[in-house]
$ cat data-v2.cif   # mmCIF, C-alpha atoms
data_input
loop_
_atom_site.label_atom_id
_atom_site.label_comp_id
_atom_site.auth_asym_id
_atom_site.auth_seq_id
_atom_site.Cartn_x
_atom_site.Cartn_y
_atom_site.Cartn_z
CA MET A 1 13.89 -5.70 -14.21
CA ALA A 2 10.78 -6.11 -12.06
CA LEU A 3 7.38 -5.00 -13.32
CA THR A 4 7.17 -2.47 -10.50
CA ASP A 5 10.47 -0.74 -11.27
CA ARG A 6 8.62 1.91 -13.26
CA LYS A 7 5.24 3.63 -13.03
CA PRO A 8 2.32 1.80 -14.66
CA THR A 9 1.11 3.16 -17.99
CA GLY A 10 -1.67 2.53 -20.50
CA LEU A 11 -4.22 -0.17 -19.78
CA LEU A 12 -2.42 -1.30 -16.62
CA LYS A 13 -2.72 2.21 -15.17
CA VAL A 14 -6.44 2.31 -16.01
CA LEU A 15 -7.00 -1.09 -14.36
CA LEU A 16 -5.06 -0.12 -11.24
CA ARG A 17 -7.08 3.10 -10.87
CA ALA A 18 -10.49 1.44 -11.44
CA PRO A 19 -11.18 0.77 -7.73
CA ILE A 20 -11.06 4.52 -7.08
CA TRP A 21 -14.43 4.78 -8.83
CA LEU A 22 -15.92 2.14 -6.52
CA TYR A 23 -14.77 4.13 -3.49
CA ARG A 24 -16.09 7.39 -4.99
CA ALA A 25 -19.46 5.67 -5.46
CA HIS A 26 -19.38 4.58 -1.77
CA LEU A 27 -19.06 0.93 -2.82
CA GLY A 28 -15.79 0.28 -0.98
CA ARG A 29 -17.45 -2.53 0.97
CA LEU A 30 -17.28 -4.60 -2.22
CA LEU A 31 -13.47 -4.49 -2.01
CA GLY A 32 -13.26 -5.66 1.60
CA HIS A 33 -10.00 -4.98 3.40
CA ARG A 34 -7.68 -5.90 0.53
CA LEU A 35 -7.61 -2.49 -1.17
CA LEU A 36 -7.13 0.87 0.54
CA TYR A 37 -8.20 4.20 -0.96
CA LEU A 38 -5.79 6.99 -0.09
CA ALA A 39 -6.38 10.70 -0.72
CA HIS A 40 -3.30 12.85 -0.29
CA GLN A 41 -2.00 16.29 -1.20
CA GLY A 42 0.47 16.86 -4.03
CA ARG A 43 3.76 18.00 -2.57
CA ARG A 44 4.36 20.57 -5.33
CA THR A 45 0.88 21.49 -6.56
CA GLY A 46 -1.09 21.12 -3.34
CA ALA A 47 -3.82 19.42 -5.40
CA ARG A 48 -5.82 16.51 -4.06
CA ARG A 49 -4.54 13.17 -5.39
CA GLU A 50 -6.03 9.68 -5.09
CA VAL A 51 -4.63 6.18 -5.30
CA VAL A 52 -5.79 2.68 -4.37
CA VAL A 53 -3.15 0.32 -2.99
CA GLU A 54 -3.24 -3.27 -1.79
CA THR A 55 -3.09 -3.82 1.94
CA VAL A 56 -0.52 -6.25 3.29
CA ARG A 57 -1.75 -6.25 6.88
CA TYR A 58 -5.01 -5.26 8.51
CA ASN A 59 -5.53 -5.39 12.25
CA PRO A 60 -9.13 -4.45 13.10
CA ALA A 61 -8.42 -4.53 16.86
CA VAL A 62 -6.12 -1.47 16.72
CA PRO A 63 -7.36 -0.58 13.96
CA GLU A 64 -4.33 -0.34 11.70
CA VAL A 65 -3.68 -1.10 8.04
CA VAL A 66 -0.27 -1.43 6.35
CA VAL A 67 0.44 -0.83 2.67
CA ILE A 68 3.59 -1.11 0.56
CA ALA A 69 4.80 1.49 -1.94
CA ALA A 70 5.75 -0.92 -4.70
CA TRP A 71 5.37 0.85 -8.05
CA GLY A 72 8.30 2.87 -9.30
CA GLY A 73 10.47 2.62 -6.18
CA ASP A 74 9.31 5.90 -4.64
CA PRO A 75 5.80 6.44 -6.03
CA ASP A 76 4.39 9.96 -6.02
CA TRP A 77 1.86 9.14 -3.31
CA TYR A 78 4.65 7.93 -1.01
CA ARG A 79 6.70 11.07 -1.57
CA ASN A 80 3.56 13.16 -0.98
CA LEU A 81 3.04 11.45 2.39
CA LYS A 82 6.62 12.27 3.31
CA ALA A 83 5.78 15.94 2.70
CA ALA A 84 2.28 16.12 4.24
CA PRO A 85 -0.17 13.85 6.09
CA ALA A 86 -2.89 11.92 4.27
CA LEU A 87 -6.23 13.65 3.71
CA GLU A 88 -8.32 10.50 4.07
CA VAL A 89 -8.23 6.73 3.99
CA ARG A 90 -11.09 4.40 3.10
CA LEU A 91 -10.92 0.70 3.77
CA GLY A 92 -13.93 -1.41 2.92
CA GLY A 93 -16.83 0.49 4.47
CA GLN A 94 -14.61 2.46 6.86
CA HIS A 95 -13.70 6.10 6.36
CA TRP A 96 -10.82 7.71 8.25
CA PRO A 97 -10.53 11.47 7.66
CA ARG A 98 -7.06 12.85 8.44
CA PRO A 99 -5.64 9.44 9.48
CA GLY A 100 -2.46 9.02 11.40
CA HIS A 101 0.39 7.32 9.60
CA ARG A 102 3.88 6.05 10.31
CA PHE A 103 6.69 4.70 8.16
CA LEU A 104 7.81 1.20 9.14
CA ASP A 105 11.49 0.36 9.55
CA GLY A 106 13.15 -2.57 7.78
CA THR A 107 12.68 -5.02 10.65
CA GLU A 108 8.95 -4.39 10.96
CA THR A 109 8.56 -4.41 7.16
CA LEU A 110 10.30 -7.79 7.04
CA GLY A 111 7.79 -9.16 9.57
CA VAL A 112 4.86 -7.77 7.59
CA LEU A 113 6.14 -9.25 4.30
CA ARG A 114 6.73 -12.66 5.86
CA ALA A 115 3.27 -12.66 7.43
CA TYR A 116 1.75 -11.71 4.07
CA GLN A 117 3.66 -14.53 2.37
CA ARG A 118 2.37 -17.03 4.96
CA ALA A 119 -1.22 -15.75 4.67
CA HIS A 120 -1.22 -15.74 0.84
CA PRO A 121 1.38 -18.36 -0.25
CA HIS A 122 -0.11 -19.09 -3.67
CA ALA A 123 -0.45 -15.45 -4.62
CA TRP A 124 3.03 -14.74 -3.27
CA LYS A 125 4.64 -17.48 -5.40
CA ARG A 126 3.14 -16.02 -8.57
CA LEU A 127 3.55 -12.34 -7.76
CA ALA A 128 6.83 -12.17 -5.85
CA PRO A 129 9.17 -12.76 -8.82
CA ALA A 130 7.26 -10.25 -10.99
CA LEU A 131 7.54 -7.67 -8.22
CA GLY A 132 11.23 -8.28 -7.53
CA PHE A 133 10.79 -10.14 -4.22
CA PRO A 134 12.24 -13.57 -3.41
CA ALA A 135 9.48 -16.20 -3.62
CA ASP A 136 11.10 -18.43 -1.00
CA PRO A 137 10.84 -17.10 2.58
CA ALA A 138 14.11 -18.88 3.42
CA ASP A 139 15.95 -16.80 0.79
CA PRO A 140 18.77 -14.88 2.52
CA ARG A 141 17.89 -11.75 0.47
CA TRP A 142 14.67 -11.16 2.46
CA PRO A 143 16.19 -8.71 5.00
CA ALA A 144 17.88 -6.68 2.24
CA VAL A 145 14.65 -6.55 0.24
CA ALA A 146 12.72 -5.42 3.31
CA GLU A 147 15.20 -2.58 3.87
CA GLY A 148 14.42 -1.26 0.39
CA VAL A 149 10.65 -1.53 0.70
CA HIS A 150 8.55 1.44 1.83
CA ALA A 151 5.81 0.30 4.20
CA ILE A 152 3.30 2.72 5.72
CA ALA A 153 0.80 2.03 8.51
CA PHE A 154 -2.43 4.03 8.79
CA THR A 155 -4.69 4.43 11.81
CA PRO A 156 -7.83 6.50 12.38
CA ALA A 157 -7.25 10.02 13.69
CA ARG A 158 -7.19 10.29 17.46
CA LYS A 159 -10.19 12.08 18.94
#
$ encode --input "data-v2.cif" --output "structure tokens"
Amino acid sequence: MALTDRKPTGLLKVLLRAPIWLYRAHLGRLLGHRLLYLAHQGRRTGARREVVVETVRYNPAVPEVVVIAAWGGDPDWYRNLKAAPALEVRLGGQHWPRPGHRFLDGTETLGVLRAYQRAHPHAWKRLAPALGFPADPADPRWPAVAEGVHAIAFTPARK
């Protein structure tokens, strides 16, 4: 069973939520483009919810940022985005109120994961097995894994 098959609890949950406080204090620049702050609306309660997730692709020319919903299969924040658009995204020093978002298909997700593996090979070798991903990019399971991964791309709201 992969570490991400269930929601984080205890100290791990506290550590994963710690970057939220940096973003709340307007210190997101310290995190660069590796961590994205996402505010969204609870699908049942309507309450504002916050999460910080790691980015797997950032293209400043578009601009567009892609994240993966890895914890617990279908994390709450992912299901909330299926029900309603994001309230805001912060990335480094950027702030995107009411960003656009789209859900990537398996083929595009596969490309994003392979690009991430090439850009961060050492991190990928250590993290991939713990997260349930094949460490070797030549592994024939890659396409099947990509089909089961939820990838979401965010862009600033159109003016």
$ resolve_selection --input "data-v2.cif" --expression "the PyMOL selection byres ((chain A and resi 98-109) around 6)" --output "PDB file with C-alpha atoms, in the coordinates of the input"
ATOM      1  CA  ALA A  86      -2.890  11.920   4.270  1.00  0.00           C
ATOM      2  CA  LEU A  87      -6.230  13.650   3.710  1.00  0.00           C
ATOM      3  CA  GLU A  88      -8.320  10.500   4.070  1.00  0.00           C
ATOM      4  CA  TRP A  96     -10.820   7.710   8.250  1.00  0.00           C
ATOM      5  CA  PRO A  97     -10.530  11.470   7.660  1.00  0.00           C
ATOM      6  CA  LEU A 110      10.300  -7.790   7.040  1.00  0.00           C
ATOM      7  CA  GLY A 111       7.790  -9.160   9.570  1.00  0.00           C
ATOM      8  CA  VAL A 112       4.860  -7.770   7.590  1.00  0.00           C
ATOM      9  CA  ALA A 146      12.720  -5.420   3.310  1.00  0.00           C
ATOM     10  CA  GLU A 147      15.200  -2.580   3.870  1.00  0.00           C
ATOM     11  CA  ALA A 151       5.810   0.300   4.200  1.00  0.00           C
ATOM     12  CA  ILE A 152       3.300   2.720   5.720  1.00  0.00           C
ATOM     13  CA  ALA A 153       0.800   2.030   8.510  1.00  0.00           C
ATOM     14  CA  PHE A 154      -2.430   4.030   8.790  1.00  0.00           C
ATOM     15  CA  THR A 155      -4.690   4.430  11.810  1.00  0.00           C
ATOM     16  CA  PRO A 156      -7.830   6.500  12.380  1.00  0.00           C
ATOM     17  CA  ALA A 157      -7.250  10.020  13.690  1.00  0.00           C
TER      18      ALA A 157
END
$ resolve_selection --input "data-v2.cif" --expression "the PyMOL selection byres ((chain A and resi 31-36) around 7)" --output "PyMOL selection string"
chain A and resi 28-30+37-38+52-55+89-92
$ closest_residue --input "data-v2.cif" --among "A:Pro143, A:Gly10, A:Pro121, A:Gly93" --to "A:Leu27" --atoms "all atoms listed in the file"
A:Gly93
$ atom_distance --input "data-v2.cif" --atom1 "atom CA of A:Gly42" --atom2 "atom CA of A:Asn80"
5.7 Å
$ atom_distance --input "data-v2.cif" --atom1 "atom CA of A:Arg141" --atom2 "atom CA of A:Gln117"
14.6 Å
$ closest_residue --input "data-v2.cif" --among "A:Ala39, A:Leu113, A:Val66, A:Ala25" --to "A:Asp136" --atoms "only C-alpha atoms"
A:Leu113
$ atom_distance --input "data-v2.cif" --atom1 "atom CA of A:Trp142" --atom2 "atom CA of A:Tyr116"
13.0 Å
$ closest_residue --input "data-v2.cif" --among "A:His26, A:Arg158, A:Arg114, A:Arg44" --to "A:Phe133" --atoms "only C-alpha atoms"
A:Arg114
$ closest_residue --input "data-v2.cif" --among "A:Pro137, A:His95, A:Leu15, A:Trp21" --to "A:Pro63" --atoms "only C-alpha atoms"
A:His95
$ build_atoms --input "data-v2.cif" --residues "stretch 54-75 of chain A" --atoms "N, CA and C atoms" --output "PDB file, in the coordinates of the input"
ATOM      1  N   GLU A  54      -2.905  -2.032  -2.479  1.00  0.00           N
ATOM      2  CA  GLU A  54      -3.240  -3.270  -1.790  1.00  0.00           C
ATOM      3  C   GLU A  54      -2.726  -3.236  -0.361  1.00  0.00           C
ATOM      4  N   THR A  55      -3.528  -3.732   0.553  1.00  0.00           N
ATOM      5  CA  THR A  55      -3.090  -3.820   1.940  1.00  0.00           C
ATOM      6  C   THR A  55      -2.288  -5.107   2.117  1.00  0.00           C
ATOM      7  N   VAL A  56      -1.293  -5.050   2.977  1.00  0.00           N
ATOM      8  CA  VAL A  56      -0.520  -6.250   3.290  1.00  0.00           C
ATOM      9  C   VAL A  56      -0.758  -6.711   4.721  1.00  0.00           C
ATOM     10  N   ARG A  57      -1.362  -5.845   5.518  1.00  0.00           N
ATOM     11  CA  ARG A  57      -1.750  -6.250   6.880  1.00  0.00           C
ATOM     12  C   ARG A  57      -2.903  -5.366   7.326  1.00  0.00           C
ATOM     13  N   TYR A  58      -3.896  -6.003   7.926  1.00  0.00           N
ATOM     14  CA  TYR A  58      -5.010  -5.260   8.510  1.00  0.00           C
ATOM     15  C   TYR A  58      -5.282  -5.832   9.881  1.00  0.00           C
ATOM     16  N   ASN A  59      -5.249  -4.983  10.884  1.00  0.00           N
ATOM     17  CA  ASN A  59      -5.530  -5.390  12.250  1.00  0.00           C
ATOM     18  C   ASN A  59      -6.731  -4.590  12.732  1.00  0.00           C
ATOM     19  N   PRO A  60      -7.934  -5.190  12.712  1.00  0.00           N
ATOM     20  CA  PRO A  60      -9.130  -4.450  13.100  1.00  0.00           C
ATOM     21  C   PRO A  60      -9.172  -4.100  14.586  1.00  0.00           C
ATOM     22  N   ALA A  61      -8.408  -4.802  15.419  1.00  0.00           N
ATOM     23  CA  ALA A  61      -8.420  -4.530  16.860  1.00  0.00           C
ATOM     24  C   ALA A  61      -7.799  -3.178  17.179  1.00  0.00           C
ATOM     25  N   VAL A  62      -6.821  -2.718  16.409  1.00  0.00           N
ATOM     26  CA  VAL A  62      -6.120  -1.470  16.720  1.00  0.00           C
ATOM     27  C   VAL A  62      -6.966  -0.243  16.390  1.00  0.00           C
ATOM     28  N   PRO A  63      -7.584   0.000  15.277  1.00  0.00           N
ATOM     29  CA  PRO A  63      -7.360  -0.580  13.960  1.00  0.00           C
ATOM     30  C   PRO A  63      -6.144   0.043  13.289  1.00  0.00           C
ATOM     31  N   GLU A  64      -5.496  -0.788  12.458  1.00  0.00           N
ATOM     32  CA  GLU A  64      -4.330  -0.340  11.700  1.00  0.00           C
ATOM     33  C   GLU A  64      -4.267  -1.131  10.406  1.00  0.00           C
ATOM     34  N   VAL A  65      -3.844  -0.462   9.340  1.00  0.00           N
ATOM     35  CA  VAL A  65      -3.680  -1.100   8.040  1.00  0.00           C
ATOM     36  C   VAL A  65      -2.307  -0.701   7.494  1.00  0.00           C
ATOM     37  N   VAL A  66      -1.606  -1.678   6.903  1.00  0.00           N
ATOM     38  CA  VAL A  66      -0.270  -1.430   6.350  1.00  0.00           C
ATOM     39  C   VAL A  66      -0.315  -1.647   4.843  1.00  0.00           C
ATOM     40  N   VAL A  67       0.310  -0.735   4.123  1.00  0.00           N
ATOM     41  CA  VAL A  67       0.440  -0.830   2.670  1.00  0.00           C
ATOM     42  C   VAL A  67       1.912  -0.709   2.299  1.00  0.00           C
ATOM     43  N   ILE A  68       2.224  -1.162   1.085  1.00  0.00           N
ATOM     44  CA  ILE A  68       3.590  -1.110   0.560  1.00  0.00           C
ATOM     45  C   ILE A  68       3.605  -0.205  -0.669  1.00  0.00           C
ATOM     46  N   ALA A  69       4.602   0.658  -0.745  1.00  0.00           N
ATOM     47  CA  ALA A  69       4.800   1.490  -1.940  1.00  0.00           C
ATOM     48  C   ALA A  69       5.668   0.691  -2.900  1.00  0.00           C
ATOM     49  N   ALA A  70       5.025   0.016  -3.855  1.00  0.00           N
ATOM     50  CA  ALA A  70       5.750  -0.920  -4.700  1.00  0.00           C
ATOM     51  C   ALA A  70       6.048  -0.387  -6.104  1.00  0.00           C
ATOM     52  N   TRP A  71       5.213   0.435  -6.654  1.00  0.00           N
ATOM     53  CA  TRP A  71       5.370   0.850  -8.050  1.00  0.00           C
ATOM     54  C   TRP A  71       6.336   2.007  -8.196  1.00  0.00           C
ATOM     55  N   GLY A  72       7.381   1.792  -8.964  1.00  0.00           N
ATOM     56  CA  GLY A  72       8.300   2.870  -9.300  1.00  0.00           C
ATOM     57  C   GLY A  72       9.277   3.234  -8.200  1.00  0.00           C
ATOM     58  N   GLY A  73       9.513   2.354  -7.247  1.00  0.00           N
ATOM     59  CA  GLY A  73      10.470   2.620  -6.180  1.00  0.00           C
ATOM     60  C   GLY A  73       9.944   3.596  -5.153  1.00  0.00           C
ATOM     61  N   ASP A  74       9.865   4.856  -5.505  1.00  0.00           N
ATOM     62  CA  ASP A  74       9.310   5.900  -4.640  1.00  0.00           C
ATOM     63  C   ASP A  74       8.128   6.528  -5.359  1.00  0.00           C
ATOM     64  N   PRO A  75       6.944   5.885  -5.306  1.00  0.00           N
ATOM     65  CA  PRO A  75       5.800   6.440  -6.030  1.00  0.00           C
ATOM     66  C   PRO A  75       5.445   7.845  -5.522  1.00  0.00           C
TER      67      PRO A  75
END
